[in-house]
Amino acid sequence: MSVVPEGVVTDASERMPVGVHRVAVLALPGVPPFELGIPSRVFGSVADAEGRPLYEVTICTVDGAAVLSDAGFTVQPTAGPEALAEADTVIVPPTHAMPELARGGPLPPKVRDAIAGIRPGARLVSICTGSYVLAAAGLLDGRPATTHWNLAPEFRRAYPRVKLDEEVLFVDDGDVLTSAGVAAGVDLCLHMIRRDHGAAAANRAARMCVVPPWRDGGQAQFIDRPVPEPAQASTTAARAWALGHLAEPLTLARLAEQARMSLRSFTRRFRDEVGMTPVQWLTVQRLELAKQLLETTDLPVDVVAHRSGFGSGNSLRAHMRSAFGISPAAYRRAFGAGLTGQRPDVRGSA
């Protein structure tokens with residue numbers, strides 16, 4: 001497992017094959033409609049060069065019967081538990097009708113049996129407090145995971161075996177992925193598209209959904225804190241300026257100067273607003289730029305490293321291996337614009 005500081009925990013070593021990927025979304029009683037609809041909306045935006053969909057999303061329930069959402073209307077599924085046995089990815093949105101999960105379970109028998117029927121090898125995903133369902137099934141024991149920051153103390157008490165990190169937007173532990181609250185489900189779905197088909201596909205899906213393809217920071221920026229005074233300065237302009245100068249040496253002093261703040265005030269304000277330090281944020285932005293250049297150009301790795309601000313090919317290689325577990329050359333082979341056919345297995349690539 002690799003860690004992108006404070007915004008995302010991700011393992012990019014596993015790649016999905018090209019072709020229609022079957023996604024089953026398990027609607028449980030009390031499901032919030034917004035979270036239930038995220039997978040269909042995001043994955044439904046992804047198509048290949050000929051316009052053919054790359055994902056097939058099915059809404060299912062544990063018995064094929066309709067369930068009542070927490071908005072007061074009924075959700076009619078298109079399938080029952082058989083969809084879980086056929087899916088490549090199973091997504092569990094939250095449920096607000098199982099208070100026993102907040103105390104550590106157990107799962108209702110029908111839910112337990114449905115989870116047990118998931119096809120071996122399927123990718124398991126939770127959105128927000130859907131993590132309680134996976135945890136109650138024992139699927140998160142000993143693994144890193146996240147959930148809504150406001151419920152972190154309760155979750156830890158109920159499921160002490162889970163390695164909870166409430167400051168990230170999502171956690172990718174290979175075959176099990178969990179997201180933070182509500183809109184972080186969009187971030188996680190875009191991440192899965194990026195992992196399956198590359199940044200260009202994720203960017204297209206984000207544009208169709210009118211959302212950013214990558215959000216800065218993690219949940220730390222949303223944790224309840226005193227609201228700053230309106231007159232206080234922001235680091236927004238400095239961040240926007242930095243994005244246009246990533247190839248240059250960007251010291252904390254230069255960034256603070258752009259924000260017209262002292263170094264100490266800038267560092268504190270930046271972390272409050274973004275949820276990570278300026279250095280961590282710059283690394284994430286430079287890695288995103290490097291990935292785009294590797295995907296869309298045939299520039300040598302040393303040139304990509306220079307343009308994205310890493311200075312040398314060795315530095316870029318070290319950062320990509322630390323963040324994604326893959327070298328620039330292997331990333332380009334997997335996601336380069338000229339790639340056709342089956343994506344290679346990039347695990348262990350040099």
# chains A, B, ... in the order shown; residues from 1 in each chain; ligands from 1
call {"tool": "closest_atom_pairs", "arguments": {"of": "segment 78-170 of chain A", "to": "segment 42-57 of chain A", "cutoff": "12 Å", "atoms": "only C-alpha atoms", "output": "CSV"}}
result
residue,atom,partner,partner_atom,distance
A:Thr78,CA,A:Val57,CA,10.1
A:Ala79,CA,A:Val57,CA,10.9
A:Ala83,CA,A:Val57,CA,10.0
A:Leu84,CA,A:Val57,CA,11.5
A:Glu86,CA,A:Glu56,CA,11.5
A:Ala87,CA,A:Val57,CA,9.2
A:Asp88,CA,A:Tyr55,CA,9.9
A:Thr89,CA,A:Val57,CA,9.4
A:Val90,CA,A:Val57,CA,9.7
A:Ile91,CA,A:Val57,CA,10.0
call {"tool": "write_last_selection", "arguments": {"atoms": "C-alpha atoms", "output": "PDB file, in the first residue's frame"}}
result
ATOM      1  CA  THR A  78     -33.120  -4.171 -11.200  1.00  0.00           C
ATOM      2  CA  ALA A  79     -31.597  -7.269  -9.582  1.00  0.00           C
ATOM      3  CA  ALA A  83     -25.828  -9.484  -9.159  1.00  0.00           C
ATOM      4  CA  LEU A  84     -23.294  -9.643  -6.327  1.00  0.00           C
ATOM      5  CA  GLU A  86     -21.515 -11.784 -10.989  1.00  0.00           C
ATOM      6  CA  ALA A  87     -20.020  -8.346 -10.275  1.00  0.00           C
ATOM      7  CA  ASP A  88     -16.417  -7.316 -10.795  1.00  0.00           C
ATOM      8  CA  THR A  89     -16.915  -4.482  -8.291  1.00  0.00           C
ATOM      9  CA  VAL A  90     -19.462  -4.312  -5.462  1.00  0.00           C
ATOM     10  CA  ILE A  91     -20.257  -0.889  -4.001  1.00  0.00           C
TER      11      ILE A  91
END
call {"tool": "closest_atom_pairs", "arguments": {"of": "segment 57-114 of chain A", "to": "segment 119-137 of chain A", "cutoff": "10 Å", "atoms": "only C-alpha atoms", "output": "JSON lines"}}
result
{"residue": "A:Glu82", "atom": "CA", "partner": "A:Arg119", "partner_atom": "CA", "distance": 9.6}
{"residue": "A:Ala83", "atom": "CA", "partner": "A:Arg119", "partner_atom": "CA", "distance": 9.3}
{"residue": "A:Leu84", "atom": "CA", "partner": "A:Arg119", "partner_atom": "CA", "distance": 6.6}
{"residue": "A:Ala85", "atom": "CA", "partner": "A:Arg119", "partner_atom": "CA", "distance": 4.5}
{"residue": "A:Glu86", "atom": "CA", "partner": "A:Arg119", "partner_atom": "CA", "distance": 6.3}
{"residue": "A:Ala87", "atom": "CA", "partner": "A:Ala122", "partner_atom": "CA", "distance": 6.6}
{"residue": "A:Asp88", "atom": "CA", "partner": "A:Ala122", "partner_atom": "CA", "distance": 4.8}
{"residue": "A:Thr89", "atom": "CA", "partner": "A:Arg123", "partner_atom": "CA", "distance": 4.5}
{"residue": "A:Val90", "atom": "CA", "partner": "A:Leu124", "partner_atom": "CA", "distance": 5.1}
{"residue": "A:Ile91", "atom": "CA", "partner": "A:Val125", "partner_atom": "CA", "distance": 4.6}
{"residue": "A:Val92", "atom": "CA", "partner": "A:Ser126", "partner_atom": "CA", "distance": 4.7}
{"residue": "A:Pro93", "atom": "CA", "partner": "A:Gly130", "partner_atom": "CA", "distance": 4.8}
{"residue": "A:Pro94", "atom": "CA", "partner": "A:Gly130", "partner_atom": "CA", "distance": 4.1}
{"residue": "A:Thr95", "atom": "CA", "partner": "A:Gly130", "partner_atom": "CA", "distance": 6.6}
{"residue": "A:His96", "atom": "CA", "partner": "A:Thr129", "partner_atom": "CA", "distance": 8.7}
{"residue": "A:Met98", "atom": "CA", "partner": "A:Val133", "partner_atom": "CA", "distance": 9.3}
{"residue": "A:Glu100", "atom": "CA", "partner": "A:Ala136", "partner_atom": "CA", "distance": 9.8}
{"residue": "A:Leu101", "atom": "CA", "partner": "A:Tyr132", "partner_atom": "CA", "distance": 6.2}
{"residue": "A:Ala102", "atom": "CA", "partner": "A:Tyr132", "partner_atom": "CA", "distance": 7.3}
{"residue": "A:Arg103", "atom": "CA", "partner": "A:Ala136", "partner_atom": "CA", "distance": 9.6}
{"residue": "A:Gly104", "atom": "CA", "partner": "A:Ala136", "partner_atom": "CA", "distance": 6.2}
{"residue": "A:Gly105", "atom": "CA", "partner": "A:Ala136", "partner_atom": "CA", "distance": 5.4}
{"residue": "A:Pro106", "atom": "CA", "partner": "A:Ala136", "partner_atom": "CA", "distance": 6.3}
{"residue": "A:Leu107", "atom": "CA", "partner": "A:Ala136", "partner_atom": "CA", "distance": 6.3}
{"residue": "A:Val111", "atom": "CA", "partner": "A:Val133", "partner_atom": "CA", "distance": 8.7}
{"residue": "A:Arg112", "atom": "CA", "partner": "A:Ala137", "partner_atom": "CA", "distance": 6.9}
{"residue": "A:Asp113", "atom": "CA", "partner": "A:Ala137", "partner_atom": "CA", "distance": 9.9}
call {"tool": "write_last_selection", "arguments": {"atoms": "C-alpha atoms", "output": "compact mmCIF listing (two decimals), in the first residue's frame"}}
result
# COMPACT_ATOMS: atom_id res chain seq x y z
CA GLU A 82 -27.34 -12.76 -7.90
CA ALA A 83 -25.83 -9.48 -9.16
CA LEU A 84 -23.29 -9.64 -6.33
CA ALA A 85 -22.15 -13.08 -7.44
CA GLU A 86 -21.51 -11.78 -10.99
CA ALA A 87 -20.02 -8.35 -10.27
CA ASP A 88 -16.42 -7.32 -10.80
CA THR A 89 -16.91 -4.48 -8.29
CA VAL A 90 -19.46 -4.31 -5.46
CA ILE A 91 -20.26 -0.89 -4.00
CA VAL A 92 -22.05 -0.46 -0.67
CA PRO A 93 -23.55 3.02 -0.09
CA PRO A 94 -24.59 4.08 3.42
CA THR A 95 -27.66 2.84 5.27
CA HIS A 96 -29.47 4.87 7.91
CA MET A 98 -29.35 -0.28 10.79
CA GLU A 100 -27.02 -1.86 15.40
CA LEU A 101 -24.01 -1.38 13.10
CA ALA A 102 -22.93 1.63 15.15
CA ARG A 103 -22.48 -0.77 18.06
CA GLY A 104 -20.47 -3.32 16.09
CA GLY A 105 -23.19 -5.35 14.39
CA PRO A 106 -24.29 -7.98 13.76
CA LEU A 107 -25.51 -7.72 10.21
CA VAL A 111 -27.49 -8.75 4.44
CA ARG A 112 -24.91 -11.14 5.86
CA ASP A 113 -25.86 -13.82 3.33
call {"tool": "select_by_dssp", "arguments": {"residues": "segment 83-226 of chain A", "states": "helix (DSSP H, G or I)", "output": "number ranges by chain"}}
result
A: 83-86, 99-103, 109-116, 130-136, 149-158, 184-197, 199-209, 219-221
call {"tool": "write_last_selection", "arguments": {"atoms": "C-alpha atoms", "output": "JSON list (two decimals), in the first residue's frame"}}
result
[["chain", "number", "residue", "atom", "x", "y", "z"],
["A", 83, "ALA", "CA", -25.83, -9.48, -9.16],
["A", 84, "LEU", "CA", -23.29, -9.64, -6.33],
["A", 85, "ALA", "CA", -22.15, -13.08, -7.44],
["A", 86, "GLU", "CA", -21.51, -11.78, -10.99],
["A", 99, "PRO", "CA", -28.45, 1.42, 14.09],
["A", 100, "GLU", "CA", -27.02, -1.86, 15.40],
["A", 101, "LEU", "CA", -24.01, -1.38, 13.10],
["A", 102, "ALA", "CA", -22.93, 1.63, 15.15],
["A", 103, "ARG", "CA", -22.48, -0.77, 18.06],
["A", 109, "PRO", "CA", -29.13, -12.34, 8.22],
["A", 110, "LYS", "CA", -30.21, -11.39, 4.68],
["A", 111, "VAL", "CA", -27.49, -8.75, 4.44],
["A", 112, "ARG", "CA", -24.91, -11.14, 5.86],
["A", 113, "ASP", "CA", -25.86, -13.82, 3.33],
["A", 114, "ALA", "CA", -25.83, -11.35, 0.44],
["A", 115, "ILE", "CA", -22.34, -10.13, 1.38],
["A", 116, "ALA", "CA", -21.16, -13.72, 1.69],
["A", 130, "GLY", "CA", -21.22, 1.88, 3.95],
["A", 131, "SER", "CA", -17.91, 1.11, 5.64],
["A", 132, "TYR", "CA", -19.93, -0.05, 8.68],
["A", 133, "VAL", "CA", -21.41, -2.84, 6.56],
["A", 134, "LEU", "CA", -18.02, -4.03, 5.35],
["A", 135, "ALA", "CA", -16.60, -3.75, 8.87],
["A", 136, "ALA", "CA", -19.51, -5.67, 10.42],
["A", 149, "TRP", "CA", -14.86, 12.11, 9.94],
["A", 150, "ASN", "CA", -17.72, 12.95, 12.30],
["A", 151, "LEU", "CA", -18.27, 9.26, 13.08],
["A", 152, "ALA", "CA", -14.62, 8.27, 13.58],
["A", 153, "PRO", "CA", -14.79, 7.88, 17.40],
["A", 154, "GLU", "CA", -17.96, 5.77, 17.14],
["A", 155, "PHE", "CA", -16.48, 3.64, 14.34],
["A", 156, "ARG", "CA", -13.29, 2.99, 16.32],
["A", 157, "ARG", "CA", -15.26, 1.83, 19.34],
["A", 158, "ALA", "CA", -17.43, -0.49, 17.22],
["A", 184, "ALA", "CA", -15.98, 11.73, -1.36],
["A", 185, "GLY", "CA", -17.80, 8.87, -3.07],
["A", 186, "VAL", "CA", -17.41, 10.82, -6.30],
["A", 187, "ASP", "CA", -13.69, 11.20, -5.63],
["A", 188, "LEU", "CA", -13.37, 7.46, -5.06],
["A", 189, "CYS", "CA", -15.28, 6.51, -8.22],
["A", 190, "LEU", "CA", -13.09, 8.86, -10.28],
["A", 191, "HIS", "CA", -10.03, 7.30, -8.65],
["A", 192, "MET", "CA", -11.20, 3.84, -9.68],
["A", 193, "ILE", "CA", -11.68, 5.02, -13.26],
["A", 194, "ARG", "CA", -8.20, 6.54, -13.15],
["A", 195, "ARG", "CA", -6.82, 3.28, -11.79],
["A", 196, "ASP", "CA", -8.67, 1.17, -14.38],
["A", 197, "HIS", "CA", -8.28, 3.32, -17.50],
["A", 199, "ALA", "CA", -6.16, 9.90, -15.91],
["A", 200, "ALA", "CA", -7.54, 10.95, -19.31],
["A", 201, "ALA", "CA", -10.63, 8.74, -18.87],
["A", 202, "ALA", "CA", -11.13, 9.99, -15.31],
["A", 203, "ASN", "CA", -10.78, 13.59, -16.45],
["A", 204, "ARG", "CA", -13.42, 13.07, -19.16],
["A", 205, "ALA", "CA", -15.81, 11.54, -16.63],
["A", 206, "ALA", "CA", -15.19, 14.43, -14.22],
["A", 207, "ARG", "CA", -15.97, 16.97, -16.94],
["A", 208, "MET", "CA", -19.22, 15.16, -17.78],
["A", 209, "CYS", "CA", -20.18, 15.23, -14.10],
["A", 219, "GLN", "CA", -11.23, 15.34, 5.29],
["A", 220, "ALA", "CA", -9.03, 17.41, 7.57],
["A", 221, "GLN", "CA", -10.20, 20.54, 5.78]]
call {"tool": "select_by_dssp", "arguments": {"residues": "segment 28-126 of chain A", "states": "strand (DSSP E)", "output": "number ranges by chain"}}
result
A: 55-60, 67-68, 74-75, 89-92, 123-126
call {"tool": "write_last_selection", "arguments": {"atoms": "C-alpha atoms", "output": "PDB file, in the first residue's frame"}}
result
ATOM      1  CA  TYR A  55     -18.874  -0.063 -17.055  1.00  0.00           C
ATOM      2  CA  GLU A  56     -22.265  -1.693 -16.522  1.00  0.00           C
ATOM      3  CA  VAL A  57     -23.877  -0.531 -13.274  1.00  0.00           C
ATOM      4  CA  THR A  58     -26.667  -2.547 -11.639  1.00  0.00           C
ATOM      5  CA  ILE A  59     -28.671  -1.523  -8.560  1.00  0.00           C
ATOM      6  CA  CYS A  60     -29.507  -4.584  -6.478  1.00  0.00           C
ATOM      7  CA  VAL A  67     -36.261  -0.751  -0.272  1.00  0.00           C
ATOM      8  CA  LEU A  68     -37.263   2.522   1.323  1.00  0.00           C
ATOM      9  CA  THR A  74     -38.976   3.566  -2.608  1.00  0.00           C
ATOM     10  CA  VAL A  75     -36.003   2.334  -4.601  1.00  0.00           C
ATOM     11  CA  THR A  89     -16.915  -4.482  -8.291  1.00  0.00           C
ATOM     12  CA  VAL A  90     -19.462  -4.312  -5.462  1.00  0.00           C
ATOM     13  CA  ILE A  91     -20.257  -0.889  -4.001  1.00  0.00           C
ATOM     14  CA  VAL A  92     -22.051  -0.462  -0.666  1.00  0.00           C
ATOM     15  CA  ARG A 123     -13.377  -5.421  -5.751  1.00  0.00           C
ATOM     16  CA  LEU A 124     -15.235  -4.253  -2.612  1.00  0.00           C
ATOM     17  CA  VAL A 125     -16.080  -0.574  -2.153  1.00  0.00           C
ATOM     18  CA  SER A 126     -17.939   1.448   0.472  1.00  0.00           C
TER      19      SER A 126
END
call {"tool": "atom_distance", "arguments": {"atom1": "atom CA of Arg332 of chain A", "atom2": "atom CA of Gln292 of chain A"}}
result
9.7 Å
call {"tool": "closest_residue", "arguments": {"among": "A:Ser327, A:Leu246, A:Glu295, A:Arg254", "to": "Gly309 of chain A", "atoms": "only C-alpha atoms"}}
result
A:Leu246
call {"tool": "decode", "arguments": {"residues": "segment 128-173 of chain A", "atoms": "C-alpha atoms", "output": "compact mmCIF listing (two decimals), in the first residue's frame"}}
result
# COMPACT_ATOMS: atom_id res chain seq x y z
CA CYS A 128 -19.35 6.98 3.55
CA THR A 129 -20.90 4.82 6.29
CA GLY A 130 -21.22 1.88 3.95
CA SER A 131 -17.91 1.11 5.64
CA TYR A 132 -19.93 -0.05 8.68
CA VAL A 133 -21.41 -2.84 6.56
CA LEU A 134 -18.02 -4.03 5.35
CA ALA A 135 -16.60 -3.75 8.87
CA ALA A 136 -19.51 -5.67 10.42
CA ALA A 137 -18.88 -8.42 7.84
CA GLY A 138 -15.25 -8.61 9.01
CA LEU A 139 -13.95 -7.47 5.63
CA LEU A 140 -11.99 -4.52 7.03
CA ASP A 141 -10.27 -6.29 9.92
CA GLY A 142 -6.58 -5.40 9.95
CA ARG A 143 -6.95 -3.19 6.88
CA PRO A 144 -6.71 0.59 6.39
CA ALA A 145 -10.07 2.27 5.82
CA THR A 146 -11.93 5.52 6.22
CA THR A 147 -15.45 6.78 6.87
CA HIS A 148 -17.13 10.12 7.61
CA TRP A 149 -14.86 12.11 9.94
CA ASN A 150 -17.72 12.95 12.30
CA LEU A 151 -18.27 9.26 13.08
CA ALA A 152 -14.62 8.27 13.58
CA PRO A 153 -14.79 7.88 17.40
CA GLU A 154 -17.96 5.77 17.14
CA PHE A 155 -16.48 3.64 14.34
CA ARG A 156 -13.29 2.99 16.32
CA ARG A 157 -15.26 1.83 19.34
CA ALA A 158 -17.43 -0.49 17.22
CA TYR A 159 -14.65 -1.87 15.00
CA PRO A 160 -11.29 -1.59 16.80
CA ARG A 161 -9.59 -4.02 14.39
CA VAL A 162 -9.93 -1.60 11.48
CA LYS A 163 -7.02 0.78 10.82
CA LEU A 164 -9.18 3.88 10.49
CA ASP A 165 -7.86 7.11 9.00
CA GLU A 166 -10.53 9.81 9.15
CA GLU A 167 -8.36 12.52 7.57
CA VAL A 168 -8.34 11.13 4.02
CA LEU A 169 -10.97 11.36 1.28
CA PHE A 170 -10.63 7.69 0.43
CA VAL A 171 -8.46 4.63 1.01
CA ASP A 172 -7.45 2.21 -1.75
CA ASP A 173 -6.14 -1.03 -0.26
